[in-house]
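Engineer: For reference, this is my_file.cif, and it has mmCIF, C-alpha atoms.
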data_model
#
loop_
_atom_site.label_atom_id
_atom_site.label_comp_id
_atom_site.auth_asym_id
_atom_site.auth_seq_id
_atom_site.Cartn_x
_atom_site.Cartn_y
_atom_site.Cartn_z
CA MET A 3 51.27 78.74 -58.51
CA ARG A 4 53.05 77.80 -61.69
CA THR A 5 56.73 76.94 -61.44
CA LYS A 6 57.49 79.34 -64.31
CA THR A 7 56.06 82.17 -62.21
CA ILE A 8 58.08 81.10 -59.18
CA GLU A 9 61.27 81.18 -61.28
CA LYS A 10 60.72 84.93 -61.79
CA LEU A 11 60.59 85.72 -58.07
CA CYS A 12 63.50 86.98 -55.99
CA CYS A 13 64.11 87.56 -52.30
CA PRO A 14 62.40 90.81 -51.18
CA PHE A 15 65.25 91.43 -48.72
CA ASP A 16 68.33 91.22 -50.96
CA LYS A 17 66.89 90.57 -54.46
CA LYS A 18 68.82 87.27 -54.84
CA ASP A 19 67.55 84.07 -56.47
CA LEU A 20 65.37 81.66 -54.54
CA ASN A 21 65.59 77.89 -54.23
CA LEU A 22 62.26 76.02 -54.44
CA ASP A 23 61.31 72.95 -52.39
CA ILE A 24 57.98 71.54 -53.53
CA PHE A 25 55.83 69.54 -51.10
CA VAL A 26 52.43 69.37 -52.84
CA LYS A 27 51.41 69.89 -56.48
CA ASP A 28 47.99 69.81 -58.11
CA ILE A 29 47.08 67.72 -61.18
CA ASP A 30 48.37 70.50 -63.47
CA SER A 31 51.76 70.50 -61.66
CA ASN A 32 51.13 73.86 -60.02
CA VAL A 33 52.81 74.25 -56.63
CA LEU A 34 50.31 74.22 -53.77
CA GLU A 35 52.72 73.85 -50.85
CA GLY A 36 56.43 74.43 -50.63
CA VAL A 37 59.21 76.68 -49.43
CA LEU A 38 61.24 79.32 -51.25
CA THR A 39 64.67 79.81 -49.68
CA CYS A 40 67.10 82.63 -50.39
CA MET A 41 70.53 81.07 -50.74
CA GLU A 42 72.21 84.37 -49.83
CA CYS A 43 70.44 85.52 -46.64
CA LYS A 44 68.81 82.14 -45.73
CA ARG A 45 65.30 83.59 -45.32
CA LYS A 46 62.47 81.14 -45.98
CA TYR A 47 59.13 81.97 -47.58
CA PRO A 48 56.37 79.34 -47.35
CA ILE A 49 53.98 78.70 -50.23
CA VAL A 50 50.49 78.03 -48.84
CA HIS A 51 47.53 77.10 -51.06
CA GLY A 52 49.60 78.19 -54.08
CA VAL A 53 50.44 81.63 -52.67
CA PRO A 54 54.02 82.51 -51.64
CA ILE A 55 54.17 84.50 -48.39
CA MET A 56 56.92 86.97 -49.24
CA SER A 57 56.37 90.05 -47.10
CA PRO A 58 59.35 92.15 -45.99
CA ASP A 59 60.62 91.27 -42.50
CA GLU A 60 58.83 94.12 -40.75
CA TYR A 61 55.46 92.92 -42.08
CA ARG A 62 55.91 89.17 -41.66
CA GLN A 63 53.70 87.40 -39.16
CA ILE A 64 56.12 84.81 -37.89
CA GLU A 65 53.59 83.51 -35.34
CA LEU A 66 51.35 82.46 -38.26
CA GLU A 67 54.09 81.20 -40.60
CA GLN A 68 56.14 79.19 -38.09
CA PRO A 69 53.44 76.57 -37.30
CA ILE A 70 53.22 75.80 -41.03
CA MET A 71 56.97 75.26 -41.16
CA GLU A 72 56.84 73.02 -38.08
CA LYS A 73 54.08 70.93 -39.67
CA TRP A 74 56.15 70.54 -42.82
CA LYS A 75 59.20 69.65 -40.74
CA LEU A 76 57.36 66.58 -39.51
CA GLU A 77 55.70 65.68 -42.82
CA HIS A 78 58.62 66.35 -45.18
CA GLU A 79 61.64 65.88 -42.90
CA LEU A 80 62.84 69.49 -43.09
CA THR A 81 65.99 70.08 -41.10
CA ASP A 82 65.83 73.88 -40.79
CA THR A 83 62.50 75.60 -40.24
CA LYS A 84 63.83 78.96 -39.08
CA LEU A 85 62.16 81.64 -41.23
CA LEU A 86 64.62 84.49 -40.60
CA PRO A 87 68.44 84.30 -40.35
#
Step by step, read the file and then write its structure as structure tokens.

Structural biologist:
Amino acid sequence: MRTKTIEKLCCPFDKKDLNLDIFVKDIDSNVLEGVLTCMECKRKYPIVHGVPIMSPDEYRQIELEQPIMEKWKLEHELTDTKLLP
């Protein structure tokens, strides 16, 4: 996903701006892996294979998203991997 596209996204919960942490980029500088974090509500949305997982809370599959966050915690020294506040 292009960083310009990511800059246009907002939190689906409260419509606030998101902070981007990039872990992996491709040769064209597109984001392949990373985390979008809402600075207001502290929700985290992983970016996997260039696709941000930004479903509303009631449709999120935490059991699928959390292992990705735990993997990144080890690889990228994340301190907080909690997806929901």

Engineer: For this structure, which residues satisfy the selection - the PyMOL selection byres ((chain A and resi 50-59) around 10) - when it is evaluated on the file as given? I want them as a PyMOL selection string.

Structural biologist: chain A and resi 3-4+8+11-15+26-28+32-38+45-49+60-64+67+70+85-86

Engineer: Restrict the selected residues to C-alpha atoms and save them as a compact mmCIF listing (two decimals), keeping the file's coordinate frame.

Structural biologist:
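Output file result.txt follows:
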# COMPACT_ATOMS: atom_id res chain seq x y z
CA MET A 3 51.27 78.74 -58.51
CA ARG A 4 53.05 77.80 -61.69
CA ILE A 8 58.08 81.10 -59.18
CA LEU A 11 60.59 85.72 -58.07
CA CYS A 12 63.50 86.98 -55.99
CA CYS A 13 64.11 87.56 -52.30
CA PRO A 14 62.40 90.81 -51.18
CA PHE A 15 65.25 91.43 -48.72
CA VAL A 26 52.43 69.37 -52.84
CA LYS A 27 51.41 69.89 -56.48
CA ASP A 28 47.99 69.81 -58.11
CA ASN A 32 51.13 73.86 -60.02
CA VAL A 33 52.81 74.25 -56.63
CA LEU A 34 50.31 74.22 -53.77
CA GLU A 35 52.72 73.85 -50.85
CA GLY A 36 56.43 74.43 -50.63
CA VAL A 37 59.21 76.68 -49.43
CA LEU A 38 61.24 79.32 -51.25
CA ARG A 45 65.30 83.59 -45.32
CA LYS A 46 62.47 81.14 -45.98
CA TYR A 47 59.13 81.97 -47.58
CA PRO A 48 56.37 79.34 -47.35
CA ILE A 49 53.98 78.70 -50.23
CA GLU A 60 58.83 94.12 -40.75
CA TYR A 61 55.46 92.92 -42.08
CA ARG A 62 55.91 89.17 -41.66
CA GLN A 63 53.70 87.40 -39.16
CA ILE A 64 56.12 84.81 -37.89
CA GLU A 67 54.09 81.20 -40.60
CA ILE A 70 53.22 75.80 -41.03
CA LEU A 85 62.16 81.64 -41.23
CA LEU A 86 64.62 84.49 -40.60

Engineer: Quick one: pull the distance between CA of Met71 (chain A) and CA of Cys40 (chain A), Å, one decimal.

Structural biologist: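 One can read the CA of Met71 (chain A) to CA of Cys40 (chain A) distance as 15.6 Å.
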
Engineer: Can you work out which one of A:Lys75, A:Thr83, A:Cys43, A:Thr5 has the shortest atom-to-atom distance to Asp30 (chain A), counting all atoms listed in the file?

Structural biologist: A:Thr5

Engineer: Please evaluate the PyMOL selection byres ((chain A and resi 22) around 7) against the displayed coordinates and give the resulting residues as a PyMOL selection string.

Structural biologist: chain A and resi 20-21+23-24+37-39

Engineer: Kindly give the distance, in Å, that separates CA of Lys44 (chain A) and CA of Thr81 (chain A), rounded to a single decimal.

Structural biologist: 13.2 Å

Engineer: Could you jot down the CA of Thr7 (chain A) to CA of His78 (chain A) separation for me, Å, one decimal place?

Structural biologist: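 Interatomic distance here is 23.4 Å.
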
Engineer: Please write out, as AutoDock Vina command-line options, where the centre of an axis-aligned box around all listed atoms of region 42-47 of chain A lies and how long its edges are, in Å to one decimal, after adding 4 Å on each side.

Structural biologist:
--center_x 65.7 --center_y 83.3 --center_z -47.6 --size_x 21.1 --size_y 12.4 --size_z 12.5

Engineer: Excluding Glu42 (chain A) and residues on its chain fewer than 4 positions from it, collect all residues at most 9 Å away from it, counting all atoms listed in the file, and give them as a list in words.

Structural biologist: Asp16, Lys18, Asp19 and Leu20 of chain A
